[in-house]
file final_10.cif (mmCIF, C-alpha atoms and all ligand atoms)
data_work
#
loop_
_atom_site.label_atom_id
_atom_site.label_comp_id
_atom_site.auth_asym_id
_atom_site.auth_seq_id
_atom_site.Cartn_x
_atom_site.Cartn_y
_atom_site.Cartn_z
CA MET A 336 11.95 -14.32 -0.80
CA GLY A 337 8.84 -15.78 0.83
CA ASP A 338 8.93 -19.41 1.96
CA THR A 339 12.52 -20.24 2.83
CA GLU A 340 14.33 -23.09 4.44
CA VAL A 341 15.83 -22.03 7.75
CA ASP A 342 17.80 -24.40 10.00
CA GLY A 343 16.73 -27.40 7.90
CA SER A 344 12.97 -26.85 8.32
CA ASP A 345 10.46 -25.04 6.15
CA ARG A 346 9.70 -21.72 7.82
CA LEU A 347 7.66 -18.81 6.53
CA THR A 348 9.87 -15.79 6.12
CA LEU A 349 9.66 -12.30 4.66
CA ASP A 350 12.32 -9.79 3.64
CA VAL A 351 11.35 -6.68 5.62
CA SER A 352 12.73 -3.17 5.03
CA GLU A 353 10.86 -1.23 7.68
CA LEU A 354 8.28 -1.65 10.41
CA PHE A 355 6.41 1.11 12.21
CA TYR A 356 3.15 1.96 13.97
CA SER A 357 1.39 5.08 12.73
CA LEU A 358 -1.83 6.49 11.30
CA GLN A 359 -2.85 5.63 7.75
CA GLY A 360 -2.45 8.90 5.88
CA GLU A 361 -4.14 8.14 2.57
CA GLY A 362 -7.38 6.86 1.07
CA SER A 363 -10.55 5.62 2.73
CA ARG A 364 -8.80 4.45 5.93
CA THR A 365 -7.21 7.86 6.57
CA GLY A 366 -6.57 8.37 10.28
CA ASP A 367 -6.77 4.68 11.23
CA PRO A 368 -3.98 3.40 13.52
CA SER A 369 -2.07 0.76 11.58
CA MET A 370 1.04 -1.40 11.71
CA PHE A 371 3.00 -0.69 8.55
CA VAL A 372 5.27 -3.41 7.21
CA ARG A 373 7.41 -2.34 4.28
CA LEU A 374 8.65 -5.34 2.34
CA GLN A 375 11.90 -5.31 0.44
CA GLY A 376 12.06 -5.08 -3.34
CA CYS A 377 9.86 -3.75 -6.09
CA SER A 378 9.34 -5.57 -9.38
CA ALA A 379 7.24 -2.61 -10.58
CA LYS A 380 10.06 -0.08 -10.38
CA HIS A 381 10.86 -0.02 -14.12
CA ALA A 382 7.20 0.46 -15.08
CA CYS A 383 6.97 3.10 -12.42
CA TYR A 384 9.96 5.11 -13.60
CA GLU A 385 8.77 4.88 -17.22
CA SER A 386 5.38 6.32 -16.21
CA GLY A 387 7.12 9.38 -14.70
CA VAL A 388 6.52 8.54 -11.02
CA ARG A 389 9.53 9.45 -8.89
CA CYS A 390 9.73 6.92 -6.10
CA ASP A 391 10.53 8.43 -2.69
CA THR A 392 10.60 5.07 -0.89
CA GLU A 393 13.68 3.14 0.19
CA PHE A 394 12.89 -0.50 -0.48
CA GLU A 395 16.26 -1.99 -1.45
CA SER A 396 17.60 -2.80 2.02
CA GLY A 397 15.91 -5.46 4.08
CA LYS A 398 16.35 -8.35 6.42
CA SER A 399 14.89 -11.83 6.26
CA THR A 400 12.67 -12.57 9.25
CA THR A 401 10.34 -15.38 10.19
CA VAL A 402 6.65 -14.57 10.51
CA GLU A 403 6.88 -15.50 14.20
CA ALA A 404 9.66 -12.96 14.77
CA LEU A 405 7.75 -10.34 12.79
CA ALA A 406 4.60 -10.97 14.85
CA ALA A 407 6.65 -10.52 18.04
CA LYS A 408 7.96 -7.18 16.74
CA LEU A 409 4.42 -6.06 15.93
CA GLU A 410 3.30 -7.12 19.40
CA ALA A 411 6.02 -4.91 20.90
CA LEU A 412 4.56 -1.93 19.01
CA GLN A 413 1.03 -2.46 20.36
CA PRO A 414 -0.40 0.04 22.87
CA ASP A 415 0.23 -0.91 26.50
CA THR A 416 -3.45 -1.51 27.23
CA PRO A 417 -4.28 -5.08 26.08
CA GLU A 418 -7.95 -4.23 25.39
CA ARG A 419 -6.91 -1.54 22.89
CA ARG A 420 -5.11 -3.40 20.15
CA CYS A 421 -4.31 -2.13 16.67
CA GLN A 422 -6.00 -4.59 14.31
CA TRP A 423 -4.65 -3.47 10.97
CA ILE A 424 -1.45 -4.45 9.22
CA VAL A 425 -0.73 -2.41 6.09
CA TRP A 426 1.58 -4.37 3.80
CA THR A 427 3.45 -1.91 1.67
CA GLY A 428 6.70 -1.66 -0.24
CA GLY A 429 8.28 -1.82 -2.64
CA GLU A 430 5.77 -4.21 -4.15
CA PRO A 431 4.43 -6.36 -1.29
CA LEU A 432 2.78 -8.89 -3.62
CA ASP A 433 6.27 -9.92 -4.78
CA GLN A 434 6.53 -11.78 -1.46
CA LEU A 435 3.20 -12.21 0.30
CA THR A 436 1.51 -15.59 -0.05
CA ILE A 437 -1.76 -17.03 1.29
CA PRO A 438 0.07 -18.79 4.22
CA HIS A 439 1.74 -15.50 5.24
CA LEU A 440 -1.61 -13.71 5.33
CA LYS A 441 -3.40 -16.55 7.12
CA PHE A 442 -0.69 -16.57 9.78
CA PHE A 443 -1.33 -12.90 10.63
CA GLN A 444 -5.10 -13.31 10.27
CA ASP A 445 -4.96 -16.16 12.80
CA ALA A 446 -2.95 -13.83 15.06
CA GLY A 447 -5.94 -11.45 15.07
CA TYR A 448 -4.94 -8.96 12.37
CA LEU A 449 -6.78 -7.54 9.40
CA ASN A 450 -4.54 -7.45 6.33
CA ALA A 451 -4.47 -4.41 4.07
CA VAL A 452 -2.19 -4.10 1.04
CA GLU A 453 -0.91 -1.25 -1.08
CA THR A 454 0.07 -2.56 -4.49
CA SER A 455 1.13 -1.24 -7.88
CA GLY A 456 -1.30 -3.54 -9.73
CA LEU A 457 1.51 -5.60 -11.27
CA HIS A 458 0.30 -8.86 -9.71
CA ALA A 459 -3.13 -10.51 -9.47
CA LEU A 460 -4.45 -11.25 -5.97
CA GLU A 461 -4.72 -15.00 -6.75
CA GLY A 462 -6.86 -15.80 -3.73
CA ARG A 463 -4.71 -13.94 -1.23
CA PRO A 464 -7.13 -13.09 1.61
CA PHE A 465 -6.97 -9.32 2.13
CA HIS A 466 -9.49 -7.23 4.07
CA HIS A 467 -8.57 -4.02 2.20
CA VAL A 468 -6.87 -3.69 -1.19
CA THR A 469 -5.44 -0.40 -2.42
CA VAL A 470 -4.23 -0.42 -6.01
CA SER A 471 -2.13 2.61 -6.89
CA PRO A 472 -1.53 1.80 -10.55
CA LYS A 473 2.01 1.93 -11.90
CA VAL A 474 1.22 -0.39 -14.82
CA ALA A 475 -0.83 -0.10 -18.02
CA GLU A 476 -4.63 -0.35 -17.88
CA HIS A 477 -4.67 -3.66 -19.81
CA VAL A 478 -2.46 -5.18 -17.07
CA LEU A 479 -4.92 -4.00 -14.40
CA GLU A 480 -7.85 -5.45 -16.36
CA LYS A 481 -6.04 -8.78 -16.64
CA ASN A 482 -5.10 -8.87 -12.94
CA PHE A 483 -8.41 -7.68 -11.43
CA PRO A 484 -11.15 -8.99 -13.75
CA GLY A 485 -13.60 -9.70 -10.93
CA GLY A 486 -12.90 -6.62 -8.81
CA GLY A 487 -11.70 -7.35 -5.26
CA VAL A 488 -10.25 -3.84 -5.16
CA THR A 489 -11.29 -1.59 -2.28
CA GLU A 490 -9.75 1.57 -3.70
CA LEU A 491 -8.08 2.63 -6.90
CA LYS A 492 -5.72 5.52 -6.22
CA TYR A 493 -3.98 7.26 -9.12
CA VAL A 494 -1.06 9.60 -8.47
CA ARG A 495 -1.28 12.65 -10.77
CA HIS A 496 0.97 15.47 -11.91
CA ALA A 497 -0.45 18.81 -13.04
CA GLY A 498 -1.68 18.48 -16.62
CA GLN A 499 -2.33 14.73 -16.54
CA GLU A 500 -5.76 13.57 -17.66
CA ILE A 501 -8.43 11.85 -15.59
CA PRO A 502 -7.82 8.06 -15.63
CA ARG A 503 -10.36 5.83 -17.42
CA PRO A 504 -10.04 2.55 -15.52
CA LYS A 505 -12.16 -0.47 -16.37
CA VAL A 506 -11.45 -2.13 -13.02
CA ALA A 507 -14.29 -1.94 -10.47
CA ALA A 508 -13.50 -0.52 -7.02
CA LYS A 509 -15.46 0.82 -4.03
CA HIS A 510 -13.54 4.12 -4.07
CA TYR A 511 -11.77 6.07 -6.82
CA TYR A 512 -9.07 8.51 -5.72
CA LEU A 513 -6.78 11.05 -7.32
CA GLN A 514 -3.70 11.88 -5.29
CA PRO A 515 -1.24 14.68 -6.10
CA HIS A 516 2.35 13.59 -6.70
CA SER A 517 4.37 14.99 -3.77
CA ASP A 518 7.83 16.52 -3.77
CA GLY A 519 9.42 14.31 -1.14
CA MET A 520 7.79 15.27 2.16
CA GLU A 521 6.07 18.34 0.66
CA ILE A 522 2.64 18.41 -0.97
CA ASN A 523 3.08 19.92 -4.47
CA ARG A 524 0.50 22.75 -4.66
CA ALA A 525 0.21 22.74 -8.47
CA ASN A 526 -0.43 18.98 -8.49
CA LEU A 527 -2.91 19.38 -5.62
CA ARG A 528 -4.87 22.14 -7.41
CA HIS A 529 -4.97 20.01 -10.55
CA CYS A 530 -6.33 16.97 -8.65
CA ILE A 531 -8.96 19.13 -6.90
CA ARG A 532 -10.13 20.46 -10.27
CA LEU A 533 -10.26 16.96 -11.80
CA CYS A 534 -12.33 15.68 -8.84
CA LEU A 535 -14.79 18.59 -9.08
CA GLU A 536 -15.22 17.98 -12.80
CA ASN A 537 -15.38 14.18 -12.58
CA PRO A 538 -17.46 12.74 -9.74
CA PRO A 539 -17.25 10.11 -8.25
CA TRP A 540 -13.47 10.66 -8.19
CA SER A 541 -12.36 11.88 -4.73
CA LEU A 542 -9.24 13.58 -3.49
CA SER A 543 -6.64 11.66 -1.49
CA VAL A 544 -3.74 13.58 0.03
CA GLN A 545 -0.70 12.09 1.75
CA ASN A 546 -1.82 13.46 5.10
CA HIS A 547 1.06 11.85 6.98
CA LYS A 548 3.28 14.42 5.21
CA VAL A 549 1.02 17.23 6.46
CA TRP A 550 0.88 15.71 9.95
CA ARG A 551 4.66 15.11 9.88
CA VAL A 552 4.37 11.55 11.06
CA LEU A 553 5.96 8.51 9.41
S1 LIG A 601 5.72 0.81 -7.32
FE1 LIG A 601 5.87 2.11 -5.47
S2 LIG A 601 7.68 1.35 -4.38
FE2 LIG A 601 7.80 0.53 -6.48
S3 LIG A 601 9.10 2.02 -7.57
FE3 LIG A 601 6.95 2.61 -7.86
S4 LIG A 601 6.49 4.13 -6.23
FE4 LIG A 601 8.37 3.03 -5.68
#
call {"tool": "encode", "arguments": {"input": "final_10.cif", "output": "structure tokens"}}
result
Amino acid sequence: MGDTEVDGSDRLTLDVSELFYSLQGEGSRTGDPSMFVRLQGCSAKHACYESGVRCDTEFESGKSTTVEALAAKLEALQPDTPERRCQWIVWTGGEPLDQLTIPHLKFFQDAGYLNAVETSGLHALEGRPFHHVTVSPKVAEHVLEKNFPGGGVTELKYVRHAGQEIPRPKVAAKHYYLQPHSDGMEINRANLRHCIRLCLENPPWSLSVQNHKVWRVL
């Protein structure tokens, strides 16, 4: 994955599962038009399953593509009016930090995009230049502390089941969210009620809901 030799020359590539243009449904950028790029593979899946999170994302299939070809596909998704461009790319997965490197991000930055990432917290940022970092932890707190000692996190977003306690993170973030674990495309009402109660009892935690499932968009 990542930098690969293609046709005898070093080319930047990524293994991409899915690409679509939609509205961000979660967190502090809710409602923002965004290009979503789902990268193949997830090195956090074992930690995730052990923590009781049921993954509803298909991230196993994917196709290797050069960054130039990916940029052309994103361009084709842009609105017809050139003055109204979507600026945001949301790198998601799987675990996008398994693949994304500084050169990948600089390529898309130079093409005029702002890079946002949704990560499990398994990997440190290591200088990767993101404009928005969402950590939805699927790893132990000591791993988060090790990976984000100086902050750099825009939002921490914990997925909760009914009955789970309020998280006690030591990582600094601009926003702290609790998000109810969904049942596939349905918002689970018991989990939602639990998250609402936890937020009311524990400011500054705020509620994040997977609005794209309410809106019935991708
Ligand atoms: S980290 Fe995300 S993509 Fe990976 S297994 Fe967990 S929920 Fe699925």
call {"tool": "atom_distance", "arguments": {"input": "final_10.cif", "atom1": "CA of Ala404 (chain A)", "atom2": "CA of Val372 (chain A)"}}
result
12.9 Å
call {"tool": "residues_near_point", "arguments": {"input": "final_10.cif", "point": "(5.5, -6.9, -9.2)", "cutoff": "6 Å", "atoms": "all atoms listed in the file", "output": "list of chain:residue names"}}
result
A:Ser378, A:Ala379, A:Glu430, A:Asp433, A:Leu457, A:His458
call {"tool": "closest_residue", "arguments": {"input": "final_10.cif", "among": "A:Val549, A:Pro515, A:Tyr356, A:Arg528", "to": "Val388 (chain A)", "atoms": "all atoms listed in the file"}}
result
A:Pro515
call {"tool": "residues_near_ligand", "arguments": {"input": "final_10.cif", "ligand": "ligand LIG 601 (chain A)", "cutoff": "7 Å", "atoms": "only C-alpha atoms and all ligand atoms", "output": "CSV table (one decimal) with C-alpha atoms, in the frame of the given file"}}
result
chain,number,residue,atom,x,y,z
A,377,CYS,CA,9.9,-3.8,-6.1
A,378,SER,CA,9.3,-5.6,-9.4
A,379,ALA,CA,7.2,-2.6,-10.6
A,380,LYS,CA,10.1,-0.1,-10.4
A,383,CYS,CA,7.0,3.1,-12.4
A,384,TYR,CA,10.0,5.1,-13.6
A,388,VAL,CA,6.5,8.5,-11.0
A,389,ARG,CA,9.5,9.4,-8.9
A,390,CYS,CA,9.7,6.9,-6.1
A,391,ASP,CA,10.5,8.4,-2.7
A,392,THR,CA,10.6,5.1,-0.9
A,394,PHE,CA,12.9,-0.5,-0.5
A,428,GLY,CA,6.7,-1.7,-0.2
A,429,GLY,CA,8.3,-1.8,-2.6
A,430,GLU,CA,5.8,-4.2,-4.2
A,455,SER,CA,1.1,-1.2,-7.9
A,473,LYS,CA,2.0,1.9,-11.9
call {"tool": "closest_residue", "arguments": {"input": "final_10.cif", "among": "A:Asn482, A:Ser399, A:Gln359, A:Thr436", "to": "Pro464 (chain A)", "atoms": "all atoms listed in the file"}}
result
A:Thr436
call {"tool": "residues_around", "arguments": {"input": "final_10.cif", "residues": "Pro414 (chain A)", "least_positions_apart": "5", "cutoff": "12 Å", "atoms": "only C-alpha atoms", "output": "VMD selection string"}}
result
chain A and resid 356 to 357 368 to 370 409 419 to 422
call {"tool": "closest_residue", "arguments": {"input": "final_10.cif", "among": "A:Phe355, A:Cys534, A:Arg524, A:Val488", "to": "Val552 (chain A)", "atoms": "only C-alpha atoms"}}
result
A:Phe355
call {"tool": "atom_distance", "arguments": {"input": "final_10.cif", "atom1": "CA of Gly498 (chain A)", "atom2": "CA of Trp540 (chain A)"}}
result
16.5 Å
call {"tool": "atom_distance", "arguments": {"input": "final_10.cif", "atom1": "CA of Thr454 (chain A)", "atom2": "CA of Thr469 (chain A)"}}
result
6.3 Å
call {"tool": "closest_residue", "arguments": {"input": "final_10.cif", "among": "A:Val544, A:Arg463, A:Thr365, A:Gln375", "to": "Asn523 (chain A)", "atoms": "all atoms listed in the file"}}
result
A:Val544
call {"tool": "residues_around", "arguments": {"input": "final_10.cif", "residues": "Phe443 (chain A)", "least_positions_apart": "5", "cutoff": "12 Å", "atoms": "all atoms listed in the file", "output": "PyMOL selection string"}}
result
chain A and resi 347+370+401-407+409-410+422-426+435-438+448-451+464-466
call {"tool": "closest_residue", "arguments": {"input": "final_10.cif", "among": "A:Asp367, A:Glu395, A:Asp445, A:Glu453", "to": "Asp350 (chain A)", "atoms": "only C-alpha atoms"}}
result
A:Glu395
call {"tool": "closest_residue", "arguments": {"input": "final_10.cif", "among": "A:Ser386, A:Gln434, A:Thr348, A:Thr427", "to": "Arg373 (chain A)", "atoms": "all atoms listed in the file"}}
result
A:Thr427
call {"tool": "residues_around", "arguments": {"input": "final_10.cif", "residues": "region 516-518 of chain A", "least_positions_apart": "3", "cutoff": "6 Å", "atoms": "only C-alpha atoms", "output": "PyMOL selection string"}}
result
chain A and resi 494-496+521-523
call {"tool": "residues_around", "arguments": {"input": "final_10.cif", "residues": "Ala507 (chain A)", "least_positions_apart": "2", "cutoff": "10 Å", "atoms": "all atoms listed in the file", "output": "ChimeraX atom specification"}}
result
/A:480,483-491,504-505,509-511
call {"tool": "decode", "arguments": {"input": "final_10.cif", "residues": "region 530-544 of chain A", "atoms": "N, CA, C and O atoms", "output": "compact mmCIF listing (two decimals), in the first residue's frame"}}
result
# COMPACT_ATOMS: atom_id res chain seq x y z
N CYS A 530 -26.75 8.24 25.33
CA CYS A 530 -25.76 9.28 25.00
C CYS A 530 -26.30 10.67 25.36
O CYS A 530 -25.54 11.53 25.85
N ILE A 531 -27.60 10.90 25.13
CA ILE A 531 -28.19 12.20 25.49
C ILE A 531 -28.05 12.42 27.01
O ILE A 531 -27.63 13.49 27.47
N ARG A 532 -28.36 11.38 27.78
CA ARG A 532 -28.28 11.51 29.24
C ARG A 532 -26.82 11.78 29.67
O ARG A 532 -26.55 12.67 30.48
N LEU A 533 -25.88 11.05 29.09
CA LEU A 533 -24.47 11.25 29.45
C LEU A 533 -24.02 12.67 29.14
O LEU A 533 -23.30 13.30 29.92
N CYS A 534 -24.46 13.21 27.97
CA CYS A 534 -24.07 14.59 27.61
C CYS A 534 -24.66 15.58 28.60
O CYS A 534 -23.95 16.51 29.06
N LEU A 535 -25.94 15.40 28.95
CA LEU A 535 -26.57 16.34 29.89
C LEU A 535 -25.89 16.32 31.25
O LEU A 535 -25.78 17.35 31.92
N GLU A 536 -25.39 15.16 31.64
CA GLU A 536 -24.77 15.03 32.95
C GLU A 536 -23.29 15.38 32.94
O GLU A 536 -22.69 15.53 34.01
N ASN A 537 -22.70 15.49 31.72
CA ASN A 537 -21.24 15.64 31.65
C ASN A 537 -20.80 16.68 30.63
O ASN A 537 -20.05 16.36 29.69
N PRO A 538 -21.23 17.96 30.77
CA PRO A 538 -20.66 18.94 29.85
C PRO A 538 -19.14 18.98 30.07
O PRO A 538 -18.71 18.76 31.20
N PRO A 539 -18.32 19.23 29.04
CA PRO A 539 -18.67 19.72 27.70
C PRO A 539 -18.89 18.62 26.66
O PRO A 539 -18.74 18.91 25.47
N TRP A 540 -19.19 17.39 27.04
CA TRP A 540 -19.47 16.38 26.03
C TRP A 540 -20.72 16.77 25.25
O TRP A 540 -21.71 17.22 25.84
N SER A 541 -20.68 16.59 23.93
CA SER A 541 -21.81 16.91 23.05
C SER A 541 -22.25 15.66 22.31
O SER A 541 -21.46 14.72 22.16
N LEU A 542 -23.47 15.72 21.81
CA LEU A 542 -24.03 14.59 21.08
C LEU A 542 -23.65 14.68 19.60
O LEU A 542 -23.75 15.74 18.99
N SER A 543 -23.21 13.56 19.05
CA SER A 543 -23.03 13.44 17.60
C SER A 543 -23.89 12.26 17.14
O SER A 543 -23.84 11.18 17.74
N VAL A 544 -24.69 12.49 16.11
CA VAL A 544 -25.54 11.43 15.57
C VAL A 544 -25.12 11.22 14.12
O VAL A 544 -24.69 12.16 13.44
